[in-house]
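Asks: So I've got this file, upload.pdb, and it contains PDB, C-alpha atoms, pLDDT in the B column:
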ATOM      1  CA  MET A   1     103.997 126.930  18.718  1.00 86.00           C
ATOM      2  CA  GLN A   2     104.675 123.453  17.337  1.00 87.00           C
ATOM      3  CA  PRO A   3     102.346 122.568  14.445  1.00 91.00           C
ATOM      4  CA  PHE A   4     100.070 119.575  14.869  1.00 94.00           C
ATOM      5  CA  ARG A   5      99.318 117.433  11.814  1.00 95.00           C
ATOM      6  CA  VAL A   6      99.441 113.679  12.498  1.00 97.00           C
ATOM      7  CA  HIS A   7     100.385 112.137  15.831  1.00 98.00           C
ATOM      8  CA  THR A   8     100.774 108.483  16.789  1.00 98.00           C
ATOM      9  CA  GLY A   9     101.221 107.671  20.448  1.00 98.00           C
ATOM     10  CA  LEU A  10     100.635 105.362  23.382  1.00 98.00           C
ATOM     11  CA  VAL A  11      97.283 105.890  25.120  1.00 98.00           C
ATOM     12  CA  ALA A  12      96.910 106.270  28.905  1.00 98.00           C
ATOM     13  CA  PRO A  13      93.390 106.050  30.433  1.00 98.00           C
ATOM     14  CA  LEU A  14      92.443 108.492  33.205  1.00 98.00           C
ATOM     15  CA  ASP A  15      89.044 107.164  34.220  1.00 97.00           C
ATOM     16  CA  ARG A  16      87.747 110.125  36.263  1.00 97.00           C
ATOM     17  CA  VAL A  17      85.113 112.771  35.521  1.00 97.00           C
ATOM     18  CA  ASN A  18      85.457 116.480  36.330  1.00 98.00           C
ATOM     19  CA  VAL A  19      89.263 116.522  36.482  1.00 98.00           C
ATOM     20  CA  ASP A  20      89.962 120.141  37.435  1.00 97.00           C
ATOM     21  CA  THR A  21      92.985 122.287  36.698  1.00 96.00           C
ATOM     22  CA  ASP A  22      94.159 122.159  40.321  1.00 96.00           C
ATOM     23  CA  ALA A  23      94.377 118.379  40.002  1.00 97.00           C
ATOM     24  CA  ILE A  24      96.231 118.758  36.691  1.00 97.00           C
ATOM     25  CA  ILE A  25      98.757 121.235  38.139  1.00 96.00           C
ATOM     26  CA  PRO A  26      98.336 122.138  41.844  1.00 94.00           C
ATOM     27  CA  LYS A  27      98.467 125.840  42.730  1.00 91.00           C
ATOM     28  CA  GLN A  28     101.690 125.636  44.802  1.00 91.00           C
ATOM     29  CA  PHE A  29     103.651 124.895  41.609  1.00 91.00           C
ATOM     30  CA  LEU A  30     102.530 127.961  39.656  1.00 88.00           C
ATOM     31  CA  LYS A  31     105.665 129.952  40.477  1.00 84.00           C
ATOM     32  CA  ARG A  32     107.602 129.556  37.252  1.00 80.00           C
ATOM     33  CA  ILE A  33     107.385 132.263  34.592  1.00 80.00           C
ATOM     34  CA  GLU A  34     108.484 129.926  31.782  1.00 85.00           C
ATOM     35  CA  ARG A  35     106.084 127.549  30.069  1.00 86.00           C
ATOM     36  CA  THR A  36     108.413 124.611  30.639  1.00 89.00           C
ATOM     37  CA  GLY A  37     109.188 122.623  33.774  1.00 92.00           C
ATOM     38  CA  PHE A  38     105.617 121.938  34.849  1.00 95.00           C
ATOM     39  CA  GLY A  39     105.483 118.317  33.678  1.00 95.00           C
ATOM     40  CA  GLN A  40     107.230 117.061  36.817  1.00 96.00           C
ATOM     41  CA  PHE A  41     104.267 118.380  38.837  1.00 96.00           C
ATOM     42  CA  LEU A  42     101.481 117.082  36.584  1.00 97.00           C
ATOM     43  CA  PHE A  43      98.729 115.391  38.642  1.00 98.00           C
ATOM     44  CA  TYR A  44     101.098 115.770  41.596  1.00 97.00           C
ATOM     45  CA  ASP A  45      98.633 114.899  44.362  1.00 97.00           C
ATOM     46  CA  TRP A  46      97.641 111.714  42.510  1.00 97.00           C
ATOM     47  CA  ARG A  47     101.072 110.717  41.201  1.00 97.00           C
ATOM     48  CA  PHE A  48     102.860 111.012  44.538  1.00 97.00           C
ATOM     49  CA  ARG A  49     102.250 109.934  48.119  1.00 96.00           C
ATOM     50  CA  ASP A  50     102.595 112.308  51.072  1.00 94.00           C
ATOM     51  CA  ASP A  51     106.249 111.251  51.510  1.00 95.00           C
ATOM     52  CA  GLY A  52     107.021 112.166  47.891  1.00 93.00           C
ATOM     53  CA  SER A  53     107.334 108.614  46.599  1.00 96.00           C
ATOM     54  CA  PRO A  54     105.424 107.630  43.414  1.00 96.00           C
ATOM     55  CA  ASN A  55     101.920 106.292  43.971  1.00 97.00           C
ATOM     56  CA  PRO A  56     101.920 102.892  42.223  1.00 96.00           C
ATOM     57  CA  ASP A  57      98.128 102.937  41.944  1.00 96.00           C
ATOM     58  CA  PHE A  58      98.018 106.034  39.733  1.00 97.00           C
ATOM     59  CA  VAL A  59      97.706 105.202  36.076  1.00 97.00           C
ATOM     60  CA  LEU A  60     100.657 107.270  34.849  1.00 97.00           C
ATOM     61  CA  ASN A  61     102.983 105.473  37.267  1.00 97.00           C
ATOM     62  CA  GLN A  62     102.148 102.059  35.829  1.00 97.00           C
ATOM     63  CA  PRO A  63     104.959 100.688  33.610  1.00 97.00           C
ATOM     64  CA  ARG A  64     102.633  99.919  30.674  1.00 97.00           C
ATOM     65  CA  TYR A  65     101.731 103.605  30.308  1.00 98.00           C
ATOM     66  CA  GLN A  66     105.230 105.064  30.491  1.00 97.00           C
ATOM     67  CA  GLY A  67     105.822 107.360  27.531  1.00 97.00           C
ATOM     68  CA  ALA A  68     102.120 107.875  26.810  1.00 98.00           C
ATOM     69  CA  SER A  69     101.385 110.934  24.672  1.00 98.00           C
ATOM     70  CA  ILE A  70      97.611 110.555  24.293  1.00 98.00           C
ATOM     71  CA  LEU A  71      95.463 110.920  27.418  1.00 98.00           C
ATOM     72  CA  LEU A  72      92.020 109.348  27.442  1.00 98.00           C
ATOM     73  CA  ALA A  73      89.708 111.159  29.841  1.00 98.00           C
ATOM     74  CA  ARG A  74      86.092 111.583  30.876  1.00 98.00           C
ATOM     75  CA  HIS A  75      83.496 114.377  30.910  1.00 98.00           C
ATOM     76  CA  ASN A  76      84.359 117.973  31.803  1.00 98.00           C
ATOM     77  CA  PHE A  77      88.130 117.564  31.717  1.00 98.00           C
ATOM     78  CA  GLY A  78      89.963 120.778  32.682  1.00 97.00           C
ATOM     79  CA  CYS A  79      87.216 122.365  34.781  1.00 97.00           C
ATOM     80  CA  GLY A  80      88.008 124.735  37.651  1.00 92.00           C
ATOM     81  CA  SER A  81      90.248 127.800  37.482  1.00 88.00           C
ATOM     82  CA  SER A  82      91.429 129.232  34.171  1.00 86.00           C
ATOM     83  CA  ARG A  83      95.157 128.616  34.659  1.00 86.00           C
ATOM     84  CA  GLU A  84      97.030 128.207  31.376  1.00 91.00           C
ATOM     85  CA  HIS A  85      99.613 126.195  33.289  1.00 94.00           C
ATOM     86  CA  ALA A  86      97.353 123.128  32.892  1.00 96.00           C
ATOM     87  CA  PRO A  87      98.007 122.620  29.168  1.00 96.00           C
ATOM     88  CA  TRP A  88     101.643 123.649  29.762  1.00 96.00           C
ATOM     89  CA  ALA A  89     102.020 120.819  32.300  1.00 97.00           C
ATOM     90  CA  LEU A  90     100.351 118.272  30.031  1.00 98.00           C
ATOM     91  CA  LEU A  91     102.567 119.267  27.097  1.00 97.00           C
ATOM     92  CA  ASP A  92     105.718 119.348  29.204  1.00 97.00           C
ATOM     93  CA  TYR A  93     104.956 115.840  30.478  1.00 97.00           C
ATOM     94  CA  GLY A  94     104.681 114.658  26.884  1.00 97.00           C
ATOM     95  CA  PHE A  95     100.982 114.650  25.986  1.00 98.00           C
ATOM     96  CA  ARG A  96      99.961 116.006  22.583  1.00 98.00           C
ATOM     97  CA  VAL A  97      96.323 114.890  22.565  1.00 98.00           C
ATOM     98  CA  ILE A  98      93.579 114.706  25.205  1.00 98.00           C
ATOM     99  CA  ILE A  99      90.496 112.702  24.197  1.00 98.00           C
ATOM    100  CA  ALA A 100      87.286 113.185  26.185  1.00 98.00           C
ATOM    101  CA  PRO A 101      83.506 113.472  25.688  1.00 98.00           C
ATOM    102  CA  SER A 102      83.655 117.103  26.866  1.00 98.00           C
ATOM    103  CA  PHE A 103      86.046 119.777  28.132  1.00 98.00           C
ATOM    104  CA  ALA A 104      85.704 122.906  30.245  1.00 97.00           C
ATOM    105  CA  ASP A 105      85.533 125.901  27.890  1.00 96.00           C
ATOM    106  CA  ILE A 106      88.551 127.900  29.085  1.00 95.00           C
ATOM    107  CA  PHE A 107      90.795 124.841  29.261  1.00 97.00           C
ATOM    108  CA  TYR A 108      89.642 123.873  25.763  1.00 97.00           C
ATOM    109  CA  ASN A 109      90.604 127.297  24.421  1.00 95.00           C
ATOM    110  CA  ASN A 110      93.942 127.289  26.244  1.00 95.00           C
ATOM    111  CA  CYS A 111      94.852 123.962  24.650  1.00 96.00           C
ATOM    112  CA  PHE A 112      94.563 125.421  21.155  1.00 94.00           C
ATOM    113  CA  GLN A 113      96.685 128.406  22.183  1.00 91.00           C
ATOM    114  CA  ASN A 114      99.496 126.045  23.146  1.00 93.00           C
ATOM    115  CA  GLY A 115      99.464 123.324  20.492  1.00 93.00           C
ATOM    116  CA  LEU A 116      97.693 120.661  22.555  1.00 96.00           C
ATOM    117  CA  LEU A 117      94.776 118.998  20.751  1.00 97.00           C
ATOM    118  CA  PRO A 118      91.648 118.535  22.920  1.00 98.00           C
ATOM    119  CA  LEU A 119      89.664 116.019  20.925  1.00 97.00           C
ATOM    120  CA  VAL A 120      85.934 115.595  21.605  1.00 98.00           C
ATOM    121  CA  LEU A 121      84.497 112.174  20.774  1.00 98.00           C
ATOM    122  CA  ASP A 122      81.090 110.712  21.581  1.00 97.00           C
ATOM    123  CA  GLU A 123      80.830 109.077  24.972  1.00 97.00           C
ATOM    124  CA  ASP A 124      80.191 105.616  23.535  1.00 97.00           C
ATOM    125  CA  VAL A 125      83.341 105.943  21.414  1.00 98.00           C
ATOM    126  CA  VAL A 126      85.341 107.028  24.463  1.00 98.00           C
ATOM    127  CA  ASP A 127      83.922 104.061  26.409  1.00 98.00           C
ATOM    128  CA  ALA A 128      85.081 101.733  23.638  1.00 97.00           C
ATOM    129  CA  LEU A 129      88.541 103.310  23.665  1.00 98.00           C
ATOM    130  CA  PHE A 130      88.805 102.797  27.438  1.00 98.00           C
ATOM    131  CA  ARG A 131      88.009  99.110  26.939  1.00 97.00           C
ATOM    132  CA  ARG A 132      90.520  98.759  24.103  1.00 97.00           C
ATOM    133  CA  THR A 133      93.237 100.597  26.040  1.00 97.00           C
ATOM    134  CA  GLU A 134      92.795  98.518  29.192  1.00 95.00           C
ATOM    135  CA  ALA A 135      92.592  95.227  27.250  1.00 96.00           C
ATOM    136  CA  THR A 136      95.560  95.863  24.960  1.00 96.00           C
ATOM    137  CA  PRO A 137      98.999  96.569  26.440  1.00 96.00           C
ATOM    138  CA  GLY A 138     100.840  99.066  24.276  1.00 97.00           C
ATOM    139  CA  TYR A 139      97.610 100.340  22.727  1.00 98.00           C
ATOM    140  CA  THR A 140      98.356 103.218  20.382  1.00 98.00           C
ATOM    141  CA  LEU A 141      96.245 105.598  18.348  1.00 98.00           C
ATOM    142  CA  THR A 142      96.970 107.772  15.373  1.00 98.00           C
ATOM    143  CA  VAL A 143      95.265 111.156  15.439  1.00 98.00           C
ATOM    144  CA  ASP A 144      95.214 112.660  11.956  1.00 98.00           C
ATOM    145  CA  LEU A 145      94.207 116.310  12.110  1.00 97.00           C
ATOM    146  CA  GLU A 146      94.645 116.712   8.359  1.00 96.00           C
ATOM    147  CA  GLN A 147      92.011 114.049   7.645  1.00 97.00           C
ATOM    148  CA  CYS A 148      90.068 114.522  10.941  1.00 97.00           C
ATOM    149  CA  VAL A 149      90.194 110.823  11.800  1.00 98.00           C
ATOM    150  CA  VAL A 150      91.442 108.673  14.682  1.00 98.00           C
ATOM    151  CA  ARG A 151      92.575 105.124  13.961  1.00 98.00           C
ATOM    152  CA  ASP A 152      94.360 102.202  15.582  1.00 97.00           C
ATOM    153  CA  ASP A 153      96.459  99.345  14.223  1.00 95.00           C
ATOM    154  CA  SER A 154      93.494  96.931  14.077  1.00 95.00           C
ATOM    155  CA  GLY A 155      91.736  98.956  11.388  1.00 95.00           C
ATOM    156  CA  TRP A 156      89.312 100.664  13.762  1.00 96.00           C
ATOM    157  CA  GLU A 157      88.699 104.252  12.726  1.00 97.00           C
ATOM    158  CA  THR A 158      86.388 107.128  13.578  1.00 97.00           C
ATOM    159  CA  SER A 159      86.074 110.655  12.259  1.00 97.00           C
ATOM    160  CA  PHE A 160      85.779 113.775  14.367  1.00 97.00           C
ATOM    161  CA  ALA A 161      84.526 117.319  13.939  1.00 96.00           C
ATOM    162  CA  ILE A 162      86.564 120.384  14.831  1.00 96.00           C
ATOM    163  CA  ASP A 163      86.154 124.090  14.249  1.00 95.00           C
ATOM    164  CA  PRO A 164      87.877 124.820  10.880  1.00 95.00           C
ATOM    165  CA  TYR A 165      89.599 127.957  12.173  1.00 93.00           C
ATOM    166  CA  ARG A 166      91.060 126.177  15.199  1.00 94.00           C
ATOM    167  CA  ARG A 167      92.107 123.246  12.997  1.00 95.00           C
ATOM    168  CA  GLU A 168      93.918 125.533  10.560  1.00 93.00           C
ATOM    169  CA  ARG A 169      95.767 127.313  13.348  1.00 92.00           C
ATOM    170  CA  LEU A 170      96.954 124.008  14.854  1.00 94.00           C
ATOM    171  CA  LEU A 171      98.027 122.702  11.461  1.00 95.00           C
ATOM    172  CA  LEU A 172     100.103 125.862  10.940  1.00 92.00           C
ATOM    173  CA  GLY A 173     101.281 126.102  14.561  1.00 91.00           C
ATOM    174  CA  LEU A 174      99.907 129.604  15.072  1.00 86.00           C
ATOM    175  CA  ASP A 175      98.887 131.054  18.428  1.00 82.00           C
ATOM    176  CA  ASP A 176      97.527 134.623  18.718  1.00 79.00           C
ATOM    177  CA  ILE A 177     101.022 136.138  18.543  1.00 80.00           C
ATOM    178  CA  GLY A 178     102.022 134.018  15.569  1.00 80.00           C
ATOM    179  CA  LEU A 179      98.810 134.920  13.812  1.00 75.00           C
ATOM    180  CA  THR A 180      99.475 138.636  14.373  1.00 80.00           C
ATOM    181  CA  LEU A 181     103.071 138.358  13.162  1.00 79.00           C
ATOM    182  CA  GLN A 182     101.819 136.994   9.861  1.00 78.00           C
ATOM    183  CA  LYS A 183     100.551 140.536   9.237  1.00 79.00           C
ATOM    184  CA  GLU A 184     103.780 142.186  10.378  1.00 82.00           C
ATOM    185  CA  ALA A 185     104.507 143.876   7.035  1.00 82.00           C
ATOM    186  CA  LYS A 186     100.988 145.321   6.821  1.00 83.00           C
ATOM    187  CA  ILE A 187     101.182 146.519  10.432  1.00 81.00           C
ATOM    188  CA  ALA A 188     104.524 148.233   9.730  1.00 81.00           C
ATOM    189  CA  ALA A 189     103.122 149.844   6.582  1.00 83.00           C
ATOM    190  CA  TYR A 190     100.109 151.121   8.514  1.00 82.00           C
ATOM    191  CA  GLU A 191     102.320 152.514  11.255  1.00 79.00           C
ATOM    192  CA  ALA A 192     104.480 154.281   8.665  1.00 80.00           C
ATOM    193  CA  ARG A 193     101.407 156.046   7.265  1.00 81.00           C
ATOM    194  CA  MET A 194     100.405 157.416  10.659  1.00 77.00           C
ATOM    195  CA  PRO A 195     101.010 161.158  11.239  1.00 75.00           C
ATOM    196  CA  ALA A 196     104.237 161.973  13.021  1.00 72.00           C
ATOM    197  CA  TYR A 197     102.490 163.260  16.149  1.00 68.00           C
ATOM    198  CA  VAL A 198     100.685 159.905  16.569  1.00 70.00           C
ATOM    199  CA  ARG A 199     103.959 158.020  16.283  1.00 65.00           C
ATOM    200  CA  LEU A 200     105.463 160.336  18.919  1.00 66.00           C
ATOM    201  CA  LEU A 201     102.595 159.512  21.282  1.00 65.00           C
ATOM    202  CA  ASP A 202     103.417 155.828  20.904  1.00 62.00           C
ATOM    203  CA  ASP A 203     107.174 156.358  21.223  1.00 62.00           C
ATOM    204  CA  PRO A 204     108.021 159.667  22.976  1.00 57.00           C
ATOM    205  CA  GLU A 205     111.764 158.836  22.917  1.00 59.00           C
TER
END
Produce structure tokens that represent the structure in this file.

Replies:
Amino acid sequence: MQPFRVHTGLVAPLDRVNVDTDAIIPKQFLKRIERTGFGQFLFYDWRFRDDGSPNPDFVLNQPRYQGASILLARHNFGCGSSREHAPWALLDYGFRVIIAPSFADIFYNNCFQNGLLPLVLDEDVVDALFRRTEATPGYTLTVDLEQCVVRDDSGWETSFAIDPYRRERLLLGLDDIGLTLQKEAKIAAYEARMPAYVRLLDDPE
């Protein structure tokens, strides 16, 4: 998993509440077994018309938001089913940070497992960011996970709180597997101390 320390990127505003995981990545595209390749289907039913052409009214199709890597969202982002494909699609499209007043629990957890930062800010701060983003073409933010602050080029800055354990794992780029592999030598030593008949049960060959 790619570590997350400091990220600066263009902000795109998605001004909708209760964006569910089926809107993020519709169910008909959950056929791939790899984690990559889902970005082309992100927000598919909103990004594209029925004939497959891009919907010019959807925010991510607007020229000023091309290349955005920070998504500004509203309450309860990522609700609905527990599909891990949702953060995969957001990452594959190019997002590294989602800012919202609240997230659905499972989506929130899945983001940390995949190196995507779901950043919770107060609603009034999010409102202010929507205004700044819509008023300022090319509006960018820097999200500093080391210092736990968000800032823009004008000098505006706000701090944020995050669970220390989740923060440390993102800084180091460790998902559950990576965390376990850090103890690989101790696991091997433990296995070597097990009686032979136990090892045979694990590996009858």

Asks: Could you pull the residues within 9 Å of range 138-144 of chain A, counting all atoms listed in the file, minus those fewer than 2 positions along the same chain, as a PDB file with C-alpha atoms, keeping the file's coordinate frame?

Replies:
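Once everything was written out, this is result.pdb:
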ATOM      1  CA  PHE A   4     100.070 119.575  14.869  1.00 94.00           C
ATOM      2  CA  ARG A   5      99.318 117.433  11.814  1.00 95.00           C
ATOM      3  CA  VAL A   6      99.441 113.679  12.498  1.00 97.00           C
ATOM      4  CA  HIS A   7     100.385 112.137  15.831  1.00 98.00           C
ATOM      5  CA  THR A   8     100.774 108.483  16.789  1.00 98.00           C
ATOM      6  CA  GLY A   9     101.221 107.671  20.448  1.00 98.00           C
ATOM      7  CA  LEU A  10     100.635 105.362  23.382  1.00 98.00           C
ATOM      8  CA  VAL A  11      97.283 105.890  25.120  1.00 98.00           C
ATOM      9  CA  ALA A  12      96.910 106.270  28.905  1.00 98.00           C
ATOM     10  CA  ARG A  64     102.633  99.919  30.674  1.00 97.00           C
ATOM     11  CA  TYR A  65     101.731 103.605  30.308  1.00 98.00           C
ATOM     12  CA  ALA A  68     102.120 107.875  26.810  1.00 98.00           C
ATOM     13  CA  ILE A  70      97.611 110.555  24.293  1.00 98.00           C
ATOM     14  CA  VAL A  97      96.323 114.890  22.565  1.00 98.00           C
ATOM     15  CA  ARG A 132      90.520  98.759  24.103  1.00 97.00           C
ATOM     16  CA  THR A 133      93.237 100.597  26.040  1.00 97.00           C
ATOM     17  CA  GLU A 134      92.795  98.518  29.192  1.00 95.00           C
ATOM     18  CA  ALA A 135      92.592  95.227  27.250  1.00 96.00           C
ATOM     19  CA  THR A 136      95.560  95.863  24.960  1.00 96.00           C
ATOM     20  CA  GLU A 146      94.645 116.712   8.359  1.00 96.00           C
ATOM     21  CA  GLN A 147      92.011 114.049   7.645  1.00 97.00           C
ATOM     22  CA  CYS A 148      90.068 114.522  10.941  1.00 97.00           C
ATOM     23  CA  VAL A 149      90.194 110.823  11.800  1.00 98.00           C
ATOM     24  CA  VAL A 150      91.442 108.673  14.682  1.00 98.00           C
ATOM     25  CA  ARG A 151      92.575 105.124  13.961  1.00 98.00           C
ATOM     26  CA  ASP A 152      94.360 102.202  15.582  1.00 97.00           C
ATOM     27  CA  ASP A 153      96.459  99.345  14.223  1.00 95.00           C
TER      28      ASP A 153
END

Asks: Tell me which of A:Tyr44, A:Tyr93, A:Trp88, A:Trp156 sits closest to Gln113 in chain A, counting only C-alpha atoms.

Replies: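 Among the listed residues, A:Trp88 lies closest to Gln113 in chain A.
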
Asks: I'd like the interatomic distance between CA of Pro118 in chain A and CA of Thr36 in chain A, to a tenth of an Å.

Replies: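 Separating CA of Pro118 in chain A from CA of Thr36 in chain A is a distance of 19.4 Å.
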
Asks: Contacts between range 21-30 of chain A and range 59-116 of chain A, please, where a residue of range 59-116 of chain A counts if it comes within 10 Å (with all atoms listed in the file); show its shortest atom pair and distance in Å to one decimal, rows by chain and ascending number, as a Markdown table.

Replies:
| residue | atom | partner | partner_atom | distance |
| --- | --- | --- | --- | --- |
| A:Phe77 | CA | A:Thr21 | CA | 8.4 |
| A:Gly78 | CA | A:Thr21 | CA | 5.2 |
| A:Cys79 | CA | A:Thr21 | CA | 6.1 |
| A:Gly80 | CA | A:Thr21 | CA | 5.6 |
| A:Ser81 | CA | A:Thr21 | CA | 6.2 |
| A:Ser82 | CA | A:Thr21 | CA | 7.6 |
| A:Arg83 | CA | A:Thr21 | CA | 7.0 |
| A:Glu84 | CA | A:Thr21 | CA | 8.9 |
| A:His85 | CA | A:Ile25 | CA | 7.0 |
| A:Ala86 | CA | A:Ile25 | CA | 5.8 |
| A:Pro87 | CA | A:Ile24 | CA | 8.6 |
| A:Trp88 | CA | A:Ile25 | CA | 9.2 |
| A:Ala89 | CA | A:Ile25 | CA | 6.7 |
| A:Leu90 | CA | A:Ile24 | CA | 7.8 |
| A:Ala104 | CA | A:Thr21 | CA | 9.7 |
| A:Phe107 | CA | A:Thr21 | CA | 8.2 |

Asks: Calculate how many Å separate CA of Met1 in chain A from CA of Asp176 in chain A, rounding to one decimal.

Replies: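 Atom-to-atom, CA of Met1 in chain A to CA of Asp176 in chain A, that is 10.1 Å.
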
Asks: Would you work out the distance separating CA of Phe58 in chain A from CA of Lys31 in chain A, expressed in Å to one decimal?

Replies: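 CA of Lys31 in chain A lies at a distance of 25.1 Å from CA of Phe58 in chain A.
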
Asks: For the file shown, what are the residues hit by the PyMOL selection byres ((chain A and resi 103) around 12), laid out as a count of residues only?

Replies: 31
